[in-house]
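K.L.:
Following this line is input.csv, made up of CSV, C-alpha atoms and all ligand atoms:
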```csv
chain,number,residue,atom,x,y,z
A,1,MET,CA,-20.5,-18.0,25.9
A,2,ARG,CA,-20.3,-14.9,23.6
A,3,ALA,CA,-20.9,-11.6,25.3
A,4,VAL,CA,-24.1,-9.8,24.1
A,5,SER,CA,-23.2,-6.3,23.1
A,6,ILE,CA,-25.6,-3.3,22.7
A,7,ASP,CA,-25.0,-3.7,18.9
A,8,ASP,CA,-26.2,-7.3,19.1
A,9,VAL,CA,-29.4,-6.1,20.8
A,10,MET,CA,-29.9,-3.3,18.3
A,11,TYR,CA,-29.5,-5.7,15.4
A,12,GLU,CA,-31.9,-8.2,17.0
A,13,ILE,CA,-34.5,-5.4,17.2
A,14,PHE,CA,-33.9,-3.7,13.9
A,15,GLY,CA,-32.9,-6.7,11.7
A,16,PRO,CA,-36.5,-7.7,10.7
A,17,LEU,CA,-37.6,-4.2,9.9
A,18,SER,CA,-37.3,-2.7,6.4
A,19,GLN,CA,-35.5,0.4,7.5
A,20,GLY,CA,-33.4,1.5,10.4
A,21,ALA,CA,-34.2,5.2,10.6
A,22,PRO,CA,-37.0,7.7,9.9
A,23,GLY,CA,-37.5,8.5,6.2
A,24,ASN,CA,-39.3,7.3,3.1
A,25,ASP,CA,-38.6,7.2,-0.6
A,26,ALA,CA,-40.7,10.4,-1.2
A,27,SER,CA,-38.4,12.4,1.1
A,28,THR,CA,-35.3,10.7,-0.3
A,29,LEU,CA,-36.3,11.6,-3.8
A,30,ARG,CA,-37.3,15.1,-2.8
A,31,ALA,CA,-33.8,15.6,-1.4
A,32,LEU,CA,-32.2,14.0,-4.5
A,33,ASP,CA,-34.2,16.3,-6.8
A,34,ALA,CA,-32.6,19.3,-5.0
A,35,VAL,CA,-29.0,18.1,-5.9
A,36,PRO,CA,-27.7,20.3,-8.7
A,37,CYS,CA,-27.3,18.4,-12.0
A,38,ARG,CA,-28.7,15.3,-10.4
A,39,ASP,CA,-28.9,13.5,-13.8
A,40,THR,CA,-25.2,13.7,-14.2
A,41,LEU,CA,-24.4,12.0,-10.9
A,42,ARG,CA,-22.3,8.9,-11.4
A,43,ARG,CA,-20.4,8.1,-8.3
A,44,VAL,CA,-22.5,8.0,-5.1
A,45,LEU,CA,-21.6,6.9,-1.6
A,46,ASP,CA,-24.4,5.8,0.7
A,47,LEU,CA,-23.0,5.8,4.2
A,48,GLY,CA,-24.5,3.6,6.9
A,49,ALA,CA,-26.8,2.1,4.3
A,50,GLY,CA,-28.5,-0.3,6.8
A,51,HIS,CA,-31.3,-2.3,5.2
A,52,GLY,CA,-30.7,-0.6,1.9
A,53,ARG,CA,-33.9,1.5,1.6
A,54,THR,CA,-32.0,4.6,0.5
A,55,THR,CA,-29.5,2.6,-1.6
A,56,PHE,CA,-32.2,1.2,-3.8
A,57,ALA,CA,-34.3,4.4,-3.9
A,58,LEU,CA,-31.1,6.1,-5.2
A,59,ALA,CA,-30.2,3.3,-7.6
A,60,ARG,CA,-33.7,3.3,-9.2
A,61,ALA,CA,-33.7,7.1,-9.6
A,62,LEU,CA,-30.1,7.2,-11.0
A,63,PRO,CA,-29.8,4.3,-13.4
A,64,ASP,CA,-26.5,5.5,-14.8
A,65,ALA,CA,-24.8,5.9,-11.4
A,66,ARG,CA,-22.8,3.5,-9.3
A,67,ILE,CA,-24.0,3.5,-5.7
A,68,THR,CA,-21.5,2.3,-3.1
A,69,ALA,CA,-23.4,1.3,0.0
A,70,VAL,CA,-21.1,1.3,3.1
A,71,GLU,CA,-22.4,-0.5,6.1
A,72,ILE,CA,-20.7,-2.0,9.2
A,73,HIS,CA,-23.1,-4.8,9.9
A,74,GLU,CA,-22.3,-7.7,7.7
A,75,PRO,CA,-25.8,-9.3,7.4
A,76,PHE,CA,-27.1,-6.0,6.1
A,77,VAL,CA,-24.3,-5.8,3.6
A,78,GLU,CA,-25.2,-9.3,2.4
A,79,ARG,CA,-28.8,-8.4,2.2
A,80,ILE,CA,-28.1,-5.4,0.0
A,81,ALA,CA,-25.8,-7.4,-2.3
A,82,GLU,CA,-28.5,-10.1,-2.6
A,83,ARG,CA,-31.2,-7.6,-3.3
A,84,ALA,CA,-29.0,-6.0,-5.9
A,85,ARG,CA,-28.7,-9.3,-7.7
A,86,THR,CA,-32.3,-10.3,-7.5
A,87,SER,CA,-33.6,-6.9,-8.5
A,88,GLY,CA,-31.4,-6.6,-11.6
A,89,LEU,CA,-29.5,-3.6,-10.1
A,90,ALA,CA,-26.2,-5.4,-9.5
A,91,HIS,CA,-24.5,-3.2,-12.1
A,92,GLY,CA,-25.4,0.0,-10.1
A,93,VAL,CA,-25.1,-1.2,-6.5
A,94,HIS,CA,-21.9,-2.2,-4.8
A,95,ALA,CA,-22.2,-3.2,-1.1
A,96,VAL,CA,-19.1,-2.8,1.1
A,97,CYS,CA,-18.7,-4.0,4.7
A,98,GLY,CA,-16.7,-1.3,6.5
A,99,ASP,CA,-16.4,1.5,9.0
A,100,MET,CA,-17.4,4.8,7.3
A,101,ALA,CA,-14.8,6.5,9.5
A,102,LYS,CA,-12.0,4.3,8.2
A,103,ILE,CA,-12.8,3.8,4.5
A,104,ASP,CA,-10.2,5.0,2.0
A,105,VAL,CA,-11.8,7.3,-0.6
A,106,ALA,CA,-9.7,9.0,-3.3
A,107,ALA,CA,-9.8,12.8,-3.1
A,108,GLY,CA,-12.4,14.4,-5.4
A,109,SER,CA,-13.7,11.1,-6.6
A,110,VAL,CA,-17.3,11.3,-5.4
A,111,ASP,CA,-20.3,13.2,-6.9
A,112,LEU,CA,-22.7,12.7,-4.0
A,113,ILE,CA,-22.4,11.4,-0.4
A,114,TRP,CA,-25.7,10.3,1.1
A,115,ALA,CA,-26.1,9.9,4.9
A,116,GLU,CA,-29.7,9.3,5.9
A,117,GLY,CA,-29.8,8.5,9.6
A,118,SER,CA,-26.1,7.9,9.8
A,119,ILE,CA,-24.4,11.3,10.3
A,120,TYR,CA,-24.5,10.6,14.1
A,121,VAL,CA,-22.0,7.7,13.6
A,122,VAL,CA,-19.1,10.1,13.3
A,123,GLY,CA,-20.8,13.2,14.5
A,124,MET,CA,-22.0,16.0,12.2
A,125,GLU,CA,-19.0,18.3,12.5
A,126,GLN,CA,-16.6,15.4,11.9
A,127,ALA,CA,-18.7,14.1,8.9
A,128,LEU,CA,-18.6,17.5,7.3
A,129,VAL,CA,-14.8,17.6,7.5
A,130,MET,CA,-14.4,13.9,6.6
A,131,GLY,CA,-16.6,14.0,3.5
A,132,ARG,CA,-15.5,17.3,1.9
A,133,PRO,CA,-12.2,16.1,0.4
A,134,TRP,CA,-13.9,13.1,-1.1
A,135,LEU,CA,-16.3,15.2,-3.1
A,136,ARG,CA,-15.4,16.6,-6.5
A,137,PRO,CA,-15.8,20.4,-6.6
A,138,GLY,CA,-19.5,21.1,-6.8
A,139,GLY,CA,-20.2,17.6,-5.4
A,140,CYS,CA,-22.9,17.3,-2.8
A,141,LEU,CA,-23.5,15.9,0.7
A,142,ALA,CA,-27.1,15.0,1.6
A,143,PHE,CA,-28.0,14.0,5.1
A,144,ARG,CA,-30.8,14.3,7.5
A,145,ASP,CA,-30.5,14.8,11.2
A,146,PHE,CA,-32.7,15.2,14.3
A,147,VAL,CA,-33.1,19.0,14.8
A,148,ARG,CA,-34.7,21.5,17.2
A,149,TRP,CA,-37.5,23.1,15.2
A,150,THR,CA,-38.4,25.7,17.9
A,151,GLY,CA,-36.2,27.9,20.0
A,152,ASP,CA,-36.7,26.0,23.2
A,153,LEU,CA,-37.8,22.4,23.8
A,154,SER,CA,-40.3,21.6,26.5
A,155,GLU,CA,-38.6,20.5,29.7
A,156,GLU,CA,-39.4,16.8,29.3
A,157,ALA,CA,-38.2,16.7,25.7
A,158,ARG,CA,-35.1,18.7,26.5
A,159,ALA,CA,-34.2,16.3,29.3
A,160,PHE,CA,-34.7,13.3,27.1
A,161,TRP,CA,-32.6,14.6,24.1
A,162,ALA,CA,-29.9,15.9,26.4
A,163,VAL,CA,-29.1,12.3,27.2
A,164,GLU,CA,-30.1,10.6,24.0
A,165,TYR,CA,-28.8,13.1,21.4
A,166,PRO,CA,-26.8,15.9,23.0
A,167,ASP,CA,-25.7,17.1,19.6
A,168,THR,CA,-29.2,18.2,18.8
A,169,ALA,CA,-29.0,21.6,17.1
A,170,SER,CA,-31.3,24.1,15.3
A,171,GLU,CA,-31.5,24.3,11.5
A,172,ALA,CA,-29.7,27.7,11.6
A,173,GLU,CA,-26.9,26.2,13.7
A,174,ILE,CA,-26.4,23.3,11.2
A,175,ARG,CA,-26.4,25.7,8.2
A,176,SER,CA,-23.7,27.7,9.9
A,177,ARG,CA,-21.7,24.6,10.7
A,178,ALA,CA,-22.0,23.6,7.0
A,179,GLU,CA,-20.9,27.0,5.7
A,180,ALA,CA,-18.0,27.1,8.1
A,181,ALA,CA,-16.9,23.7,6.8
A,182,GLY,CA,-16.8,24.8,3.2
A,183,TYR,CA,-20.2,24.0,1.9
A,184,ARG,CA,-23.1,26.0,0.3
A,185,VAL,CA,-26.5,25.0,1.7
A,186,VAL,CA,-28.5,24.2,-1.4
A,187,ARG,CA,-31.7,23.4,0.5
A,188,ASN,CA,-33.1,22.1,3.7
A,189,PHE,CA,-36.6,20.8,4.4
A,190,ARG,CA,-38.4,19.2,7.3
A,191,MET,CA,-39.4,15.7,6.8
A,192,PRO,CA,-43.2,15.3,7.0
A,193,ARG,CA,-44.9,13.3,9.6
A,194,ASN,CA,-45.5,10.3,7.4
A,195,ALA,CA,-41.8,10.0,6.8
A,196,HIS,CA,-41.2,9.8,10.5
A,197,GLU,CA,-44.0,7.3,11.0
A,198,ALA,CA,-42.7,5.1,8.2
A,199,TYR,CA,-40.1,4.2,10.7
A,200,TYR,CA,-41.8,4.6,14.1
A,201,ALA,CA,-45.0,2.7,13.3
A,202,PRO,CA,-43.2,-0.6,12.3
A,203,LEU,CA,-40.7,-0.1,15.1
A,204,GLU,CA,-43.6,0.2,17.6
A,205,ALA,CA,-45.1,-3.0,16.3
A,206,ARG,CA,-41.7,-4.7,16.6
A,207,MET,CA,-41.3,-3.6,20.2
A,208,ALA,CA,-44.8,-5.0,20.9
A,209,GLU,CA,-43.5,-8.4,19.6
A,210,LEU,CA,-40.5,-8.2,21.8
A,211,ALA,CA,-42.4,-7.1,24.9
A,212,GLY,CA,-42.3,-10.6,26.4
A,213,SER,CA,-38.6,-11.2,25.8
A,214,ALA,CA,-36.7,-12.9,28.6
A,215,ASP,CA,-33.5,-10.9,27.6
A,216,ALA,CA,-32.8,-8.1,30.1
A,217,GLU,CA,-30.9,-6.1,27.4
A,218,ILE,CA,-33.8,-6.3,25.0
A,219,LEU,CA,-36.2,-5.1,27.7
A,220,ASN,CA,-33.9,-2.2,28.5
A,221,ALA,CA,-33.7,-1.2,24.9
A,222,HIS,CA,-37.5,-1.7,24.7
A,223,GLU,CA,-38.1,0.9,27.4
A,224,ASP,CA,-35.7,3.4,25.8
A,225,ILE,CA,-37.2,3.0,22.3
A,226,ARG,CA,-40.8,3.2,23.6
A,227,THR,CA,-39.9,6.5,25.4
A,228,GLU,CA,-38.3,7.9,22.3
A,229,ILE,CA,-41.4,7.1,20.2
A,230,ASP,CA,-43.6,8.7,22.8
A,231,ILE,CA,-41.4,11.9,23.1
A,232,VAL,CA,-41.1,12.3,19.3
A,233,ARG,CA,-44.8,12.0,18.8
A,234,ARG,CA,-45.9,14.2,21.7
A,235,TYR,CA,-43.4,17.0,20.9
A,236,ARG,CA,-43.6,16.7,17.1
A,237,GLU,CA,-44.0,20.4,16.6
A,238,GLU,CA,-40.8,21.1,18.6
A,239,ALA,CA,-38.3,18.8,17.0
A,240,GLY,CA,-37.9,16.3,14.2
A,241,TYR,CA,-35.8,15.3,11.2
A,242,THR,CA,-34.6,17.9,8.7
A,243,PHE,CA,-32.9,17.1,5.4
A,244,PHE,CA,-29.9,19.1,4.3
A,245,ILE,CA,-28.4,19.2,0.8
A,246,LEU,CA,-25.0,20.8,0.8
A,247,GLN,CA,-22.7,21.5,-2.1
A,248,ARG,CA,-19.0,21.5,-1.8
A,249,GLU,CA,-17.6,25.0,-2.3
A,250,GLY,CA,-14.2,25.5,-4.0
A,251,SER,CA,-12.7,25.4,-7.5
A,252,ARG,CA,-11.4,22.4,-9.2
A,253,ALA,CA,-7.8,23.8,-9.1
A,254,ARG,CA,-7.8,23.6,-5.3
A,255,ILE,CA,-8.2,19.8,-5.2
A,256,ALA,CA,-5.0,17.9,-4.7
A,257,GLY,CA,-6.1,14.7,-6.5
A,258,ASP,CA,-9.1,14.4,-8.8
A,259,ASN,CA,-8.9,10.9,-10.0
A,260,GLY,CA,-11.8,10.8,-12.4
A,261,PRO,CA,-14.7,8.3,-12.6
A,262,GLY,CA,-14.7,5.1,-10.7
A,263,SER,CA,-11.7,6.0,-8.4
A,264,VAL,CA,-13.2,5.3,-5.0
A,265,GLY,CA,-10.7,3.0,-3.4
A,266,TRP,CA,-11.8,0.9,-0.4
A,267,ALA,CA,-8.8,0.1,1.8
A,268,ALA,CA,-9.9,-0.4,5.3
A,269,SER,CA,-12.9,-2.2,6.7
A,270,ARG,CA,-13.6,-3.8,10.1
B,301,LIG,C1,-29.9,4.5,11.9
B,301,LIG,S1,-29.4,3.3,10.7
B,301,LIG,C2,-29.8,4.1,9.2
B,301,LIG,C3,-29.9,3.1,8.1
B,301,LIG,C4,-30.3,3.7,6.7
B,301,LIG,N1,-29.5,4.7,6.2
B,301,LIG,C5,-31.8,4.1,6.7
B,301,LIG,O1,-32.0,5.3,6.6
B,301,LIG,O2,-32.6,3.3,7.0
B,301,LIG,C6,-27.6,3.6,10.8
B,301,LIG,C7,-26.8,2.5,10.1
B,301,LIG,O3,-25.4,2.8,10.2
B,301,LIG,C8,-24.7,1.6,10.4
B,301,LIG,N2,-23.4,1.9,11.0
B,301,LIG,C9,-23.2,2.2,12.4
B,301,LIG,N3,-21.9,2.5,12.5
B,301,LIG,C10,-21.3,2.4,11.3
B,301,LIG,C11,-20.0,2.7,10.8
B,301,LIG,N4,-19.0,3.0,11.6
B,301,LIG,N5,-19.7,2.5,9.5
B,301,LIG,C12,-20.7,2.1,8.7
B,301,LIG,N6,-22.0,1.9,9.0
B,301,LIG,C13,-22.3,2.1,10.4
B,301,LIG,C14,-25.6,0.8,11.3
B,301,LIG,O4,-25.3,-0.6,11.3
B,301,LIG,C15,-27.0,1.1,10.8
B,301,LIG,O5,-27.4,0.2,9.8
```
Would it be possible to restate this file's structure as structure tokens?
Ligand SMILES: C[S@@+](CC[C@H](N)C(=O)[O-])C[C@H]1O[C@@H](n2cnc3c(N)ncnc32)[C@H](O)[C@@H]1O
P.N.:
Amino acid sequence: MRAVSIDDVMYEIFGPLSQGAPGNDASTLRALDAVPCRDTLRRVLDLGAGHGRTTFALARALPDARITAVEIHEPFVERIAERARTSGLAHGVHAVCGDMAKIDVAAGSVDLIWAEGSIYVVGMEQALVMGRPWLRPGGCLAFRDFVRWTGDLSEEARAFWAVEYPDTASEAEIRSRAEAAGYRVVRNFRMPRNAHEAYYAPLEARMAELAGSADAEILNAHEDIRTEIDIVRRYREEAGYTFFILQREGSRARIAGDNGPGSVGWAASR
């Protein structure tokens, strides 16, 4: 019998949902509008694209761009590819099954990296380092992360996040990390409550459906997710998701290889 991994459990829970993280198209487009020269963007990477909500929001807003959606879970990749075909966006959306930490991207070949709800996969500091050489000079990295909005969290929230997301930082700390890694912070904004609930409300309904599951792993995950939803809602003034739009600093002359349009090369995948 095949062993059931935590990933299997997560995909069983999240598979039927329409998104895998907090966010909505209004917040995605607000962040996109902050990207300098957004109408000239042509080569976009959407890392950890999941169900493809962000991929298609970007594809509709940037009809001349090629959005490469990188996702490790094959059924999600197939879903994105199928939706691209049926929605007439196949020319602009390219779905790749792979590990974002192992993909092979030509230096200076990307105008915009998008990482909504996926920066945690490699860790923020590592993601800042990893993505910078992929960007052309002046290219941007947009991501959103769970952030401490007030100086100190309440004891219950602090104890929960210390276990669930020990990398939780303040906006000022993240701005400093970005600047130290060679980016200019173009803008950051806190995602509004409705963008959080666009994820948590359907997830809560999904957990109610799974409450009677006979699977012990599902029930464990059920408990963790219900606790997270409860903590996020009760302490919503203290912490939540903030979007950051960063621009790569540095002149064109400093880039080792600028390979021009369409040069993203995908070598490694799972
Ligand atoms: C929290 S979800 C966010 C999905 C989507 N960006 C959204 O906002 O709805 C994170 C996604 O990253 C994917 N993922 C996890 N590890 C990955 C990796 N190493 N490479 C690529 N994708 C990965 C997961 O399968 C999942 O779909």
K.L.:
Measure the distance from atom CA of A:Tyr165 to atom CA of A:Met124 in Å and round it to one decimal.
P.N.:
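Answer for the atom CA of A:Tyr165 to atom CA of A:Met124 separation: 11.8 Å.
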K.L.:
Which one of A:Gln126, A:Ser213, A:Gln19, A:Ser5 sits closest to ligand LIG 301 (chain B) if you count all atoms listed in the file?
P.N.:
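Answer, going by the shortest atom-to-atom distance: A:Gln19.
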K.L.:
Considering all atoms listed in the file, can you say which of A:Asn194, A:Gly182, A:Leu141, A:Leu112 comes closest to A:Arg38?
P.N.:
A:Leu112
K.L.:
Check which residues fall inside 10 Å of ligand LIG 301 (chain B) when counting all atoms listed in the file, and print them as a PyMOL selection string.
P.N.:
chain A and resi 7+10-11+14-15+17-25+28+46-55+69-77+96-103+114-122+143-144+199+269-270
K.L.:
Determine, counting only C-alpha atoms, which protein, DNA and RNA residues have an atom within 9 Å of an atom of A:Ile245; residues of the same chain fewer than 5 positions away are not included. Present the result as a ChimeraX atom specification.
P.N.:
/A:31-32,34-35,140-144,184-188
K.L.:
To one decimal place in Å, what is the distance between atom CA of A:Thr40 and atom CA of A:Gly88?
P.N.:
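Interatomic distance, atom CA of A:Thr40 to atom CA of A:Gly88: 21.4 Å.
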K.L.:
Quick one, how far is atom CA of A:Gly139 from atom CA of A:Ala178?
P.N.:
13.9 Å
K.L.:
Do you know which residues are at most 8 Å from A:Glu237 counting all atoms listed in the file, after dropping those on the same chain fewer than 2 positions away, and could you put them as a list in words?
P.N.:
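The residues that qualify are Trp149, Thr150, Tyr235, Ala239 and Gly240 of chain A.
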K.L.:
Can you tell me, as a PyMOL selection string, what residues are no more than 8 Å from A:Val44 when counting only C-alpha atoms, ignoring any on the same chain fewer than 4 positions away?
P.N.:
chain A and resi 65-68+110-114
K.L.:
Generate a file of the selected residues that holds C-alpha atoms, formatted as a PDB file, in the frame of the given file.
P.N.:
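In the end it all went to part25.pdb:
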```
ATOM      1  CA  ALA A  65     -24.800   5.900 -11.400  1.00  0.00           C
ATOM      2  CA  ARG A  66     -22.800   3.500  -9.300  1.00  0.00           C
ATOM      3  CA  ILE A  67     -24.000   3.500  -5.700  1.00  0.00           C
ATOM      4  CA  THR A  68     -21.500   2.300  -3.100  1.00  0.00           C
ATOM      5  CA  VAL A 110     -17.300  11.300  -5.400  1.00  0.00           C
ATOM      6  CA  ASP A 111     -20.300  13.200  -6.900  1.00  0.00           C
ATOM      7  CA  LEU A 112     -22.700  12.700  -4.000  1.00  0.00           C
ATOM      8  CA  ILE A 113     -22.400  11.400  -0.400  1.00  0.00           C
ATOM      9  CA  TRP A 114     -25.700  10.300   1.100  1.00  0.00           C
TER      10      TRP A 114
END
```
K.L.:
Which residue is closest to A:Arg83? Choose from A:Trp161, A:Phe56, A:Asp104, A:Glu223 and count all atoms listed in the file.
P.N.:
A:Phe56
K.L.:
Give the answer as one residue: which of A:Ala127, A:Ser109, A:Ala157, A:Gly151 has the shortest atom-to-atom distance to A:Glu228, using all atoms listed in the file?
P.N.:
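Of A:Ala127, A:Ser109, A:Ala157, A:Gly151, the one nearest A:Glu228, counting all atoms listed in the file, is A:Ala157.
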K.L.:
Using the atoms already present, construct N, CA and C atoms for stretch 206-232 of chain A and hand them back as a PDB file, in the coordinates of the input.
P.N.:
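Output file rebuild25.pdb is given in full below:
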```pdb
ATOM      1  N   ARG A 206     -42.777  -3.802  16.233  1.00  0.00           N
ATOM      2  CA  ARG A 206     -41.700  -4.700  16.600  1.00  0.00           C
ATOM      3  C   ARG A 206     -41.454  -4.761  18.075  1.00  0.00           C
ATOM      4  N   MET A 207     -41.539  -3.601  18.729  1.00  0.00           N
ATOM      5  CA  MET A 207     -41.300  -3.600  20.200  1.00  0.00           C
ATOM      6  C   MET A 207     -42.465  -4.313  20.885  1.00  0.00           C
ATOM      7  N   ALA A 208     -43.669  -4.256  20.324  1.00  0.00           N
ATOM      8  CA  ALA A 208     -44.800  -5.000  20.900  1.00  0.00           C
ATOM      9  C   ALA A 208     -44.488  -6.508  20.847  1.00  0.00           C
ATOM     10  N   GLU A 209     -43.910  -6.949  19.708  1.00  0.00           N
ATOM     11  CA  GLU A 209     -43.500  -8.400  19.600  1.00  0.00           C
ATOM     12  C   GLU A 209     -42.521  -8.796  20.602  1.00  0.00           C
ATOM     13  N   LEU A 210     -41.602  -7.867  20.932  1.00  0.00           N
ATOM     14  CA  LEU A 210     -40.500  -8.200  21.800  1.00  0.00           C
ATOM     15  C   LEU A 210     -40.802  -7.928  23.297  1.00  0.00           C
ATOM     16  N   ALA A 211     -42.023  -7.473  23.574  1.00  0.00           N
ATOM     17  CA  ALA A 211     -42.400  -7.100  24.900  1.00  0.00           C
ATOM     18  C   ALA A 211     -42.197  -8.192  25.949  1.00  0.00           C
ATOM     19  N   GLY A 212     -42.404  -9.424  25.489  1.00  0.00           N
ATOM     20  CA  GLY A 212     -42.300 -10.600  26.400  1.00  0.00           C
ATOM     21  C   GLY A 212     -40.940 -11.206  26.430  1.00  0.00           C
ATOM     22  N   SER A 213     -39.946 -10.560  25.852  1.00  0.00           N
ATOM     23  CA  SER A 213     -38.600 -11.200  25.800  1.00  0.00           C
ATOM     24  C   SER A 213     -38.050 -11.427  27.186  1.00  0.00           C
ATOM     25  N   ALA A 214     -37.290 -12.527  27.280  1.00  0.00           N
ATOM     26  CA  ALA A 214     -36.700 -12.900  28.600  1.00  0.00           C
ATOM     27  C   ALA A 214     -35.314 -12.171  28.697  1.00  0.00           C
ATOM     28  N   ASP A 215     -34.874 -11.520  27.641  1.00  0.00           N
ATOM     29  CA  ASP A 215     -33.500 -10.900  27.600  1.00  0.00           C
ATOM     30  C   ASP A 215     -33.569  -9.524  28.249  1.00  0.00           C
ATOM     31  N   ALA A 216     -32.793  -9.349  29.324  1.00  0.00           N
ATOM     32  CA  ALA A 216     -32.800  -8.100  30.100  1.00  0.00           C
ATOM     33  C   ALA A 216     -32.354  -6.910  29.184  1.00  0.00           C
ATOM     34  N   GLU A 217     -31.380  -7.186  28.300  1.00  0.00           N
ATOM     35  CA  GLU A 217     -30.900  -6.100  27.400  1.00  0.00           C
ATOM     36  C   GLU A 217     -31.950  -5.668  26.449  1.00  0.00           C
ATOM     37  N   ILE A 218     -32.679  -6.653  25.927  1.00  0.00           N
ATOM     38  CA  ILE A 218     -33.800  -6.300  25.000  1.00  0.00           C
ATOM     39  C   ILE A 218     -34.819  -5.480  25.743  1.00  0.00           C
ATOM     40  N   LEU A 219     -35.118  -5.875  26.974  1.00  0.00           N
ATOM     41  CA  LEU A 219     -36.200  -5.100  27.700  1.00  0.00           C
ATOM     42  C   LEU A 219     -35.705  -3.710  28.044  1.00  0.00           C
ATOM     43  N   ASN A 220     -34.418  -3.525  28.327  1.00  0.00           N
ATOM     44  CA  ASN A 220     -33.900  -2.200  28.500  1.00  0.00           C
ATOM     45  C   ASN A 220     -34.057  -1.320  27.292  1.00  0.00           C
ATOM     46  N   ALA A 221     -33.622  -1.908  26.168  1.00  0.00           N
ATOM     47  CA  ALA A 221     -33.700  -1.200  24.900  1.00  0.00           C
ATOM     48  C   ALA A 221     -35.177  -0.895  24.584  1.00  0.00           C
ATOM     49  N   HIS A 222     -36.030  -1.856  24.927  1.00  0.00           N
ATOM     50  CA  HIS A 222     -37.500  -1.700  24.700  1.00  0.00           C
ATOM     51  C   HIS A 222     -37.993  -0.463  25.365  1.00  0.00           C
ATOM     52  N   GLU A 223     -37.599  -0.276  26.606  1.00  0.00           N
ATOM     53  CA  GLU A 223     -38.100   0.900  27.400  1.00  0.00           C
ATOM     54  C   GLU A 223     -37.576   2.181  26.722  1.00  0.00           C
ATOM     55  N   ASP A 224     -36.288   2.205  26.364  1.00  0.00           N
ATOM     56  CA  ASP A 224     -35.700   3.400  25.800  1.00  0.00           C
ATOM     57  C   ASP A 224     -36.408   3.766  24.443  1.00  0.00           C
ATOM     58  N   ILE A 225     -36.639   2.739  23.631  1.00  0.00           N
ATOM     59  CA  ILE A 225     -37.200   3.000  22.300  1.00  0.00           C
ATOM     60  C   ILE A 225     -38.679   3.455  22.448  1.00  0.00           C
ATOM     61  N   ARG A 226     -39.410   2.829  23.360  1.00  0.00           N
ATOM     62  CA  ARG A 226     -40.800   3.200  23.600  1.00  0.00           C
ATOM     63  C   ARG A 226     -40.855   4.697  24.053  1.00  0.00           C
ATOM     64  N   THR A 227     -39.925   5.065  24.918  1.00  0.00           N
ATOM     65  CA  THR A 227     -39.900   6.500  25.400  1.00  0.00           C
ATOM     66  C   THR A 227     -39.582   7.396  24.241  1.00  0.00           C
ATOM     67  N   GLU A 228     -38.624   7.000  23.400  1.00  0.00           N
ATOM     68  CA  GLU A 228     -38.300   7.900  22.300  1.00  0.00           C
ATOM     69  C   GLU A 228     -39.498   8.075  21.352  1.00  0.00           C
ATOM     70  N   ILE A 229     -40.185   6.993  21.045  1.00  0.00           N
ATOM     71  CA  ILE A 229     -41.400   7.100  20.200  1.00  0.00           C
ATOM     72  C   ILE A 229     -42.388   8.052  20.778  1.00  0.00           C
ATOM     73  N   ASP A 230     -42.604   7.886  22.064  1.00  0.00           N
ATOM     74  CA  ASP A 230     -43.600   8.700  22.800  1.00  0.00           C
ATOM     75  C   ASP A 230     -43.175  10.190  22.744  1.00  0.00           C
ATOM     76  N   ILE A 231     -41.902  10.465  23.023  1.00  0.00           N
ATOM     77  CA  ILE A 231     -41.400  11.900  23.100  1.00  0.00           C
ATOM     78  C   ILE A 231     -41.494  12.481  21.654  1.00  0.00           C
ATOM     79  N   VAL A 232     -41.042  11.724  20.667  1.00  0.00           N
ATOM     80  CA  VAL A 232     -41.100  12.300  19.300  1.00  0.00           C
ATOM     81  C   VAL A 232     -42.490  12.615  18.899  1.00  0.00           C
TER      82      VAL A 232
END
```
